[in-house]
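Chemist: File start-v1.cif below, mmCIF, N, CA and C atoms:
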```cif
data_final
loop_
_atom_site.group_PDB
_atom_site.id
_atom_site.type_symbol
_atom_site.label_atom_id
_atom_site.label_comp_id
_atom_site.auth_asym_id
_atom_site.auth_seq_id
_atom_site.Cartn_x
_atom_site.Cartn_y
_atom_site.Cartn_z
ATOM 1 N N MET A 1 -8.791 -6.653 18.984
ATOM 2 C CA MET A 1 -7.656 -5.764 18.799
ATOM 3 C C MET A 1 -8.033 -4.386 19.341
ATOM 4 N N GLU A 2 -7.159 -3.806 20.074
ATOM 5 C CA GLU A 2 -7.417 -2.495 20.645
ATOM 6 C C GLU A 2 -7.217 -1.400 19.603
ATOM 7 N N PHE A 3 -7.846 -0.263 19.854
ATOM 8 C CA PHE A 3 -7.780 0.854 18.920
ATOM 9 C C PHE A 3 -6.356 1.389 18.784
ATOM 10 N N VAL A 4 -5.616 1.453 19.889
ATOM 11 C CA VAL A 4 -4.233 1.961 19.848
ATOM 12 C C VAL A 4 -3.347 1.027 19.035
ATOM 13 N N THR A 5 -3.567 -0.277 19.170
ATOM 14 C CA THR A 5 -2.800 -1.244 18.383
ATOM 15 C C THR A 5 -3.103 -1.067 16.902
ATOM 16 N N TRP A 6 -4.368 -0.842 16.583
ATOM 17 C CA TRP A 6 -4.771 -0.628 15.193
ATOM 18 C C TRP A 6 -4.101 0.621 14.623
ATOM 19 N N LEU A 7 -4.090 1.711 15.380
ATOM 20 C CA LEU A 7 -3.435 2.937 14.911
ATOM 21 C C LEU A 7 -1.929 2.744 14.752
ATOM 22 N N PHE A 8 -1.317 2.015 15.686
ATOM 23 C CA PHE A 8 0.113 1.759 15.582
ATOM 24 C C PHE A 8 0.420 0.903 14.353
ATOM 25 N N MET A 9 -0.422 -0.086 14.081
ATOM 26 C CA MET A 9 -0.221 -0.913 12.885
ATOM 27 C C MET A 9 -0.375 -0.084 11.613
ATOM 28 N N LEU A 10 -1.316 0.846 11.613
ATOM 29 C CA LEU A 10 -1.505 1.710 10.445
ATOM 30 C C LEU A 10 -0.290 2.600 10.211
ATOM 31 N N ALA A 11 0.235 3.187 11.282
ATOM 32 C CA ALA A 11 1.439 4.022 11.151
ATOM 33 C C ALA A 11 2.648 3.178 10.755
ATOM 34 N N PHE A 12 2.748 1.992 11.308
ATOM 35 C CA PHE A 12 3.840 1.076 10.975
ATOM 36 C C PHE A 12 3.755 0.654 9.507
ATOM 37 N N ALA A 13 2.530 0.399 9.027
ATOM 38 C CA ALA A 13 2.328 0.021 7.624
ATOM 39 C C ALA A 13 2.719 1.168 6.697
ATOM 40 N N TYR A 14 2.380 2.391 7.074
ATOM 41 C CA TYR A 14 2.745 3.540 6.237
ATOM 42 C C TYR A 14 4.261 3.714 6.185
ATOM 43 N N GLY A 15 4.912 3.607 7.335
ATOM 44 C CA GLY A 15 6.376 3.735 7.373
ATOM 45 C C GLY A 15 7.068 2.631 6.589
ATOM 46 N N LEU A 16 6.608 1.394 6.762
ATOM 47 C CA LEU A 16 7.202 0.295 6.001
ATOM 48 C C LEU A 16 6.877 0.409 4.513
ATOM 49 N N GLY A 17 5.691 0.900 4.191
ATOM 50 C CA GLY A 17 5.342 1.107 2.785
ATOM 51 C C GLY A 17 6.273 2.104 2.118
ATOM 52 N N LEU A 18 6.546 3.215 2.800
ATOM 53 C CA LEU A 18 7.505 4.188 2.258
ATOM 54 C C LEU A 18 8.885 3.568 2.092
ATOM 55 N N PHE A 19 9.293 2.790 3.073
ATOM 56 C CA PHE A 19 10.602 2.142 3.018
ATOM 57 C C PHE A 19 10.692 1.196 1.831
ATOM 58 N N TRP A 20 9.712 0.326 1.664
ATOM 59 C CA TRP A 20 9.758 -0.660 0.577
ATOM 60 C C TRP A 20 9.578 -0.008 -0.785
ATOM 61 N N TYR A 21 8.730 1.035 -0.902
ATOM 62 C CA TYR A 21 8.576 1.706 -2.192
ATOM 63 C C TYR A 21 9.871 2.378 -2.624
ATOM 64 N N ASP A 22 10.645 2.878 -1.666
ATOM 65 C CA ASP A 22 11.927 3.481 -2.017
ATOM 66 C C ASP A 22 12.943 2.439 -2.472
ATOM 67 N N LEU A 23 12.864 1.222 -1.952
ATOM 68 C CA LEU A 23 13.813 0.182 -2.334
ATOM 69 C C LEU A 23 13.449 -0.533 -3.632
ATOM 70 N N LEU A 24 12.171 -0.686 -3.902
ATOM 71 C CA LEU A 24 11.746 -1.394 -5.116
ATOM 72 C C LEU A 24 11.833 -0.467 -6.321
ATOM 73 N N PRO A 25 11.927 -1.048 -7.515
ATOM 74 C CA PRO A 25 12.075 -0.201 -8.708
ATOM 75 C C PRO A 25 10.780 0.439 -9.184
ATOM 76 N N GLY A 26 9.833 0.627 -8.323
ATOM 77 C CA GLY A 26 8.606 1.331 -8.681
ATOM 78 C C GLY A 26 8.702 2.756 -8.177
ATOM 79 N N LYS A 27 7.693 3.539 -8.466
ATOM 80 C CA LYS A 27 7.701 4.880 -7.916
ATOM 81 C C LYS A 27 6.556 5.014 -6.923
ATOM 82 N N LEU A 28 6.680 5.948 -6.046
ATOM 83 C CA LEU A 28 5.721 6.151 -4.978
ATOM 84 C C LEU A 28 4.364 6.548 -5.568
ATOM 85 N N PRO A 29 3.278 5.920 -5.113
ATOM 86 C CA PRO A 29 1.964 6.285 -5.635
ATOM 87 C C PRO A 29 1.624 7.740 -5.319
ATOM 88 N N GLU A 30 0.771 8.323 -6.149
ATOM 89 C CA GLU A 30 0.399 9.716 -5.938
ATOM 90 C C GLU A 30 -0.536 9.882 -4.747
ATOM 91 N N MET A 31 -1.339 8.870 -4.468
ATOM 92 C CA MET A 31 -2.267 8.939 -3.347
ATOM 93 C C MET A 31 -1.589 8.381 -2.093
ATOM 94 N N PRO A 32 -1.461 9.171 -1.034
ATOM 95 C CA PRO A 32 -0.718 8.709 0.143
ATOM 96 C C PRO A 32 -1.366 7.525 0.850
ATOM 97 N N TRP A 33 -2.663 7.363 0.757
ATOM 98 C CA TRP A 33 -3.303 6.231 1.437
ATOM 99 C C TRP A 33 -2.904 4.907 0.808
ATOM 100 N N ARG A 34 -2.535 4.922 -0.464
ATOM 101 C CA ARG A 34 -2.188 3.678 -1.145
ATOM 102 C C ARG A 34 -0.845 3.122 -0.674
ATOM 103 N N VAL A 35 0.010 3.987 -0.146
ATOM 104 C CA VAL A 35 1.300 3.532 0.376
ATOM 105 C C VAL A 35 1.086 2.582 1.551
ATOM 106 N N ALA A 36 0.043 2.822 2.334
ATOM 107 C CA ALA A 36 -0.215 1.988 3.510
ATOM 108 C C ALA A 36 -1.306 0.953 3.281
ATOM 109 N N ALA A 37 -2.069 1.031 2.201
ATOM 110 C CA ALA A 37 -3.237 0.162 2.030
ATOM 111 C C ALA A 37 -2.858 -1.314 1.886
ATOM 112 N N TYR A 38 -2.057 -1.650 0.910
ATOM 113 C CA TYR A 38 -1.679 -3.048 0.708
ATOM 114 C C TYR A 38 -0.821 -3.593 1.851
ATOM 115 N N PRO A 39 0.188 -2.837 2.331
ATOM 116 C CA PRO A 39 0.941 -3.361 3.472
ATOM 117 C C PRO A 39 0.064 -3.595 4.704
ATOM 118 N N PHE A 40 -0.879 -2.687 4.973
ATOM 119 C CA PHE A 40 -1.745 -2.855 6.134
ATOM 120 C C PHE A 40 -2.667 -4.056 5.969
ATOM 121 N N ALA A 41 -3.231 -4.229 4.787
ATOM 122 C CA ALA A 41 -4.124 -5.368 4.552
ATOM 123 C C ALA A 41 -3.383 -6.685 4.751
ATOM 124 N N LEU A 42 -2.174 -6.789 4.239
ATOM 125 C CA LEU A 42 -1.430 -8.029 4.415
ATOM 126 C C LEU A 42 -0.900 -8.185 5.837
ATOM 127 N N MET A 43 -0.648 -7.076 6.524
ATOM 128 C CA MET A 43 -0.263 -7.178 7.933
ATOM 129 C C MET A 43 -1.410 -7.750 8.763
ATOM 130 N N VAL A 44 -2.626 -7.320 8.492
ATOM 131 C CA VAL A 44 -3.785 -7.847 9.212
ATOM 132 C C VAL A 44 -3.977 -9.325 8.898
ATOM 133 N N LEU A 45 -3.826 -9.700 7.636
ATOM 134 C CA LEU A 45 -3.952 -11.116 7.275
ATOM 135 C C LEU A 45 -2.863 -11.962 7.931
ATOM 136 N N ALA A 46 -1.640 -11.454 7.953
ATOM 137 C CA ALA A 46 -0.551 -12.200 8.597
ATOM 138 C C ALA A 46 -0.784 -12.311 10.102
ATOM 139 N N GLU A 47 -1.303 -11.262 10.695
ATOM 140 C CA GLU A 47 -1.586 -11.293 12.128
ATOM 141 C C GLU A 47 -2.706 -12.279 12.446
ATOM 142 N N THR A 48 -3.637 -12.420 11.531
ATOM 143 C CA THR A 48 -4.752 -13.330 11.743
ATOM 144 C C THR A 48 -4.349 -14.782 11.534
ATOM 145 N N PHE A 49 -3.613 -15.060 10.456
ATOM 146 C CA PHE A 49 -3.345 -16.444 10.084
ATOM 147 C C PHE A 49 -1.967 -16.967 10.482
ATOM 148 N N VAL A 50 -0.951 -16.083 10.608
ATOM 149 C CA VAL A 50 0.414 -16.543 10.889
ATOM 150 C C VAL A 50 1.045 -15.708 12.010
ATOM 151 N N PRO A 51 0.519 -15.754 13.221
ATOM 152 C CA PRO A 51 1.128 -14.965 14.302
ATOM 153 C C PRO A 51 2.351 -15.671 14.889
ATOM 154 N N ILE A 52 3.510 -15.426 14.302
ATOM 155 C CA ILE A 52 4.746 -16.080 14.736
ATOM 156 C C ILE A 52 5.707 -15.020 15.254
ATOM 157 N N GLY A 53 6.427 -15.342 16.305
ATOM 158 C CA GLY A 53 7.468 -14.460 16.810
ATOM 159 C C GLY A 53 7.009 -13.634 17.997
ATOM 160 N N PRO A 54 7.898 -12.755 18.449
ATOM 161 C CA PRO A 54 7.575 -11.930 19.617
ATOM 162 C C PRO A 54 6.528 -10.868 19.292
ATOM 163 N N THR A 55 5.818 -10.414 20.317
ATOM 164 C CA THR A 55 4.799 -9.385 20.121
ATOM 165 C C THR A 55 5.288 -8.044 20.650
ATOM 166 N N PHE A 56 4.789 -6.990 20.039
ATOM 167 C CA PHE A 56 5.069 -5.622 20.476
ATOM 168 C C PHE A 56 3.812 -4.809 20.208
ATOM 169 N N GLN A 57 3.302 -4.147 21.233
ATOM 170 C CA GLN A 57 2.075 -3.365 21.127
ATOM 171 C C GLN A 57 0.893 -4.211 20.644
ATOM 172 N N GLY A 58 0.911 -5.482 20.922
ATOM 173 C CA GLY A 58 -0.214 -6.339 20.588
ATOM 174 C C GLY A 58 -0.156 -6.991 19.218
ATOM 175 N N PHE A 59 0.917 -6.796 18.459
ATOM 176 C CA PHE A 59 1.049 -7.478 17.168
ATOM 177 C C PHE A 59 2.489 -7.947 16.989
ATOM 178 N N HIS A 60 2.730 -8.694 15.928
ATOM 179 C CA HIS A 60 4.032 -9.307 15.673
ATOM 180 C C HIS A 60 4.776 -8.502 14.605
ATOM 181 N N PRO A 61 5.805 -7.726 14.983
ATOM 182 C CA PRO A 61 6.485 -6.868 14.009
ATOM 183 C C PRO A 61 7.273 -7.635 12.949
ATOM 184 N N GLY A 62 7.770 -8.820 13.268
ATOM 185 C CA GLY A 62 8.486 -9.604 12.249
ATOM 186 C C GLY A 62 7.567 -10.012 11.117
ATOM 187 N N ASP A 63 6.384 -10.474 11.476
ATOM 188 C CA ASP A 63 5.389 -10.798 10.450
ATOM 189 C C ASP A 63 4.968 -9.556 9.675
ATOM 190 N N ALA A 64 4.887 -8.424 10.384
ATOM 191 C CA ALA A 64 4.462 -7.188 9.733
ATOM 192 C C ALA A 64 5.464 -6.729 8.675
ATOM 193 N N VAL A 65 6.747 -6.897 8.931
ATOM 194 C CA VAL A 65 7.771 -6.486 7.960
ATOM 195 C C VAL A 65 7.676 -7.331 6.695
ATOM 196 N N VAL A 66 7.563 -8.640 6.869
ATOM 197 C CA VAL A 66 7.465 -9.533 5.706
ATOM 198 C C VAL A 66 6.150 -9.306 4.961
ATOM 199 N N ALA A 67 5.047 -9.159 5.701
ATOM 200 C CA ALA A 67 3.747 -8.955 5.065
ATOM 201 C C ALA A 67 3.687 -7.620 4.323
ATOM 202 N N SER A 68 4.306 -6.570 4.869
ATOM 203 C CA SER A 68 4.299 -5.287 4.173
ATOM 204 C C SER A 68 5.122 -5.349 2.891
ATOM 205 N N LEU A 69 6.226 -6.092 2.905
ATOM 206 C CA LEU A 69 7.007 -6.264 1.682
ATOM 207 C C LEU A 69 6.181 -6.976 0.618
ATOM 208 N N ILE A 70 5.480 -8.021 1.000
ATOM 209 C CA ILE A 70 4.632 -8.743 0.047
ATOM 210 C C ILE A 70 3.515 -7.837 -0.453
ATOM 211 N N GLY A 71 2.942 -7.019 0.431
ATOM 212 C CA GLY A 71 1.898 -6.085 0.025
ATOM 213 C C GLY A 71 2.381 -5.056 -0.981
ATOM 214 N N VAL A 72 3.572 -4.532 -0.769
ATOM 215 C CA VAL A 72 4.130 -3.545 -1.704
ATOM 216 C C VAL A 72 4.443 -4.201 -3.042
ATOM 217 N N ILE A 73 4.938 -5.438 -3.020
ATOM 218 C CA ILE A 73 5.218 -6.149 -4.275
ATOM 219 C C ILE A 73 3.922 -6.400 -5.041
ATOM 220 N N ILE A 74 2.860 -6.774 -4.344
ATOM 221 C CA ILE A 74 1.563 -6.985 -4.998
ATOM 222 C C ILE A 74 1.060 -5.683 -5.611
ATOM 223 N N ASP A 75 1.148 -4.575 -4.869
ATOM 224 C CA ASP A 75 0.719 -3.283 -5.405
ATOM 225 C C ASP A 75 1.569 -2.871 -6.595
ATOM 226 N N TRP A 76 2.872 -3.114 -6.521
ATOM 227 C CA TRP A 76 3.759 -2.770 -7.633
ATOM 228 C C TRP A 76 3.403 -3.582 -8.871
ATOM 229 N N LEU A 77 3.119 -4.877 -8.700
ATOM 230 C CA LEU A 77 2.739 -5.723 -9.836
ATOM 231 C C LEU A 77 1.408 -5.290 -10.437
ATOM 232 N N ILE A 78 0.445 -4.972 -9.596
ATOM 233 C CA ILE A 78 -0.851 -4.510 -10.103
ATOM 234 C C ILE A 78 -0.676 -3.221 -10.886
ATOM 235 N N THR A 79 0.098 -2.295 -10.354
ATOM 236 C CA THR A 79 0.341 -1.029 -11.052
ATOM 237 C C THR A 79 1.090 -1.265 -12.361
ATOM 238 N N TYR A 80 2.051 -2.186 -12.351
ATOM 239 C CA TYR A 80 2.844 -2.469 -13.549
ATOM 240 C C TYR A 80 1.983 -3.074 -14.652
ATOM 241 N N PHE A 81 1.133 -4.018 -14.318
ATOM 242 C CA PHE A 81 0.339 -4.685 -15.345
ATOM 243 C C PHE A 81 -0.865 -3.872 -15.802
ATOM 244 N N ARG A 82 -1.303 -2.912 -15.006
ATOM 245 C CA ARG A 82 -2.416 -2.068 -15.437
ATOM 246 C C ARG A 82 -1.955 -0.965 -16.383
ATOM 247 N N HIS A 83 -0.674 -0.662 -16.407
ATOM 248 C CA HIS A 83 -0.093 0.388 -17.247
ATOM 249 C C HIS A 83 -0.830 1.724 -17.076
ATOM 250 N N PRO A 84 -0.834 2.290 -15.888
ATOM 251 C CA PRO A 84 -1.535 3.569 -15.725
ATOM 252 C C PRO A 84 -0.800 4.677 -16.471
ATOM 253 N N GLN A 85 -1.575 5.510 -17.091
ATOM 254 C CA GLN A 85 -0.999 6.629 -17.815
ATOM 255 C C GLN A 85 -1.676 7.905 -17.340
ATOM 256 N N ALA A 86 -0.875 8.904 -17.101
ATOM 257 C CA ALA A 86 -1.406 10.188 -16.665
ATOM 258 C C ALA A 86 -1.695 11.045 -17.889
ATOM 259 N N ILE A 87 -2.804 11.734 -17.867
ATOM 260 C CA ILE A 87 -3.156 12.660 -18.937
ATOM 261 C C ILE A 87 -2.558 14.009 -18.567
ATOM 262 N N GLU A 88 -1.645 14.456 -19.381
ATOM 263 C CA GLU A 88 -0.962 15.697 -19.055
ATOM 264 C C GLU A 88 -1.833 16.916 -19.331
ATOM 265 N N THR A 89 -2.494 16.931 -20.467
ATOM 266 C CA THR A 89 -3.394 18.045 -20.776
ATOM 267 C C THR A 89 -4.665 17.485 -21.393
ATOM 268 N N LEU A 90 -5.734 18.158 -21.174
ATOM 269 C CA LEU A 90 -7.000 17.761 -21.777
ATOM 270 C C LEU A 90 -7.040 18.210 -23.233
ATOM 271 N N GLU A 91 -7.667 17.395 -24.051
ATOM 272 C CA GLU A 91 -7.808 17.783 -25.447
ATOM 273 C C GLU A 91 -8.958 18.774 -25.573
ATOM 274 N N LEU A 92 -8.686 19.869 -26.219
ATOM 275 C CA LEU A 92 -9.709 20.883 -26.413
ATOM 276 C C LEU A 92 -10.140 20.858 -27.870
ATOM 277 N N ARG A 93 -11.245 20.201 -28.126
ATOM 278 C CA ARG A 93 -11.798 20.156 -29.472
ATOM 279 C C ARG A 93 -13.201 20.711 -29.452
ATOM 280 N N ALA A 94 -13.519 21.362 -30.501
ATOM 281 C CA ALA A 94 -14.889 21.878 -30.622
ATOM 282 C C ALA A 94 -15.801 20.714 -30.989
ATOM 283 N N GLN A 95 -16.841 20.520 -30.212
ATOM 284 C CA GLN A 95 -17.805 19.463 -30.487
ATOM 285 C C GLN A 95 -18.895 20.034 -31.397
ATOM 286 N N PRO A 96 -19.301 19.239 -32.408
ATOM 287 C CA PRO A 96 -20.399 19.738 -33.265
ATOM 288 C C PRO A 96 -21.699 19.793 -32.467
ATOM 289 N N ALA A 97 -22.482 20.810 -32.772
ATOM 290 C CA ALA A 97 -23.749 20.979 -32.066
ATOM 291 C C ALA A 97 -24.759 19.990 -32.632
ATOM 292 N N HIS A 98 -25.431 19.300 -31.713
ATOM 293 C CA HIS A 98 -26.492 18.366 -32.136
ATOM 294 C C HIS A 98 -27.792 19.141 -32.192
ATOM 295 N N GLY A 99 -28.442 19.082 -33.274
ATOM 296 C CA GLY A 99 -29.671 19.848 -33.290
ATOM 297 C C GLY A 99 -30.599 19.514 -34.338
#
```
The structure given in the file should be rewritten as structure tokens.
Modeler:
Amino acid sequence: MEFVTWLFMLAFAYGLGLFWYDLLPGKLPEMPWRVAAYPFALMVLAETFVPIGPTFQGFHPGDAVVASLIGVIIDWLITYFRHPQAIETLELRAQPAHG
């Protein structure tokens, strides 16, 4: 795979990740790399194992769209079942001195 194709797939994964996160009932992750991580990983797997359809810039965009949707659903499920909670403020308690 050429470097330009890899960069195009990464940008395509990020764009599709934003698109699918807006459509699904989840919220956009706080870390921007995570928007493209799962879609890109599944796009590479789909390109490796199921290269079906026409090619553009060295990869198959039809497979990439379906694989990115599956990647976003997997990330959404992982986030849903892990129940991440944000800590709004740190607790300020005086710790007893050990001595």
Chemist: Within 8 Å of stretch 59-61 of chain A, counting only N, CA and C atoms, which residues qualify if same-chain residues fewer than 6 places away don't, as a VMD selection string?
Modeler: chain A and resid 5 9 46 to 47 50 to 53 67
Chemist: Distance atom CA of A:Arg82-atom N of A:Pro29, one decimal place?
Modeler: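 Distance between the two atoms: 14.2 Å.
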Chemist: Counting only C-alpha atoms, figure out which residue out of A:Leu77, A:Val4, A:Ala13, A:Val66 gets nearest to A:Pro39.
Modeler: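 Among A:Leu77, A:Val4, A:Ala13, A:Val66, it is A:Ala13 that comes nearest to A:Pro39.
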Chemist: Report, in Å with one decimal, the straight-line distance from atom C of A:Phe49 to atom CA of A:Leu23.
Modeler: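 A separation of 26.6 Å between them.
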Chemist: Of the residues A:Trp76, A:Phe40, A:Phe81, A:Phe56, which is the one nearest to A:Phe12, using only N, CA and C atoms?
Modeler: A:Phe40
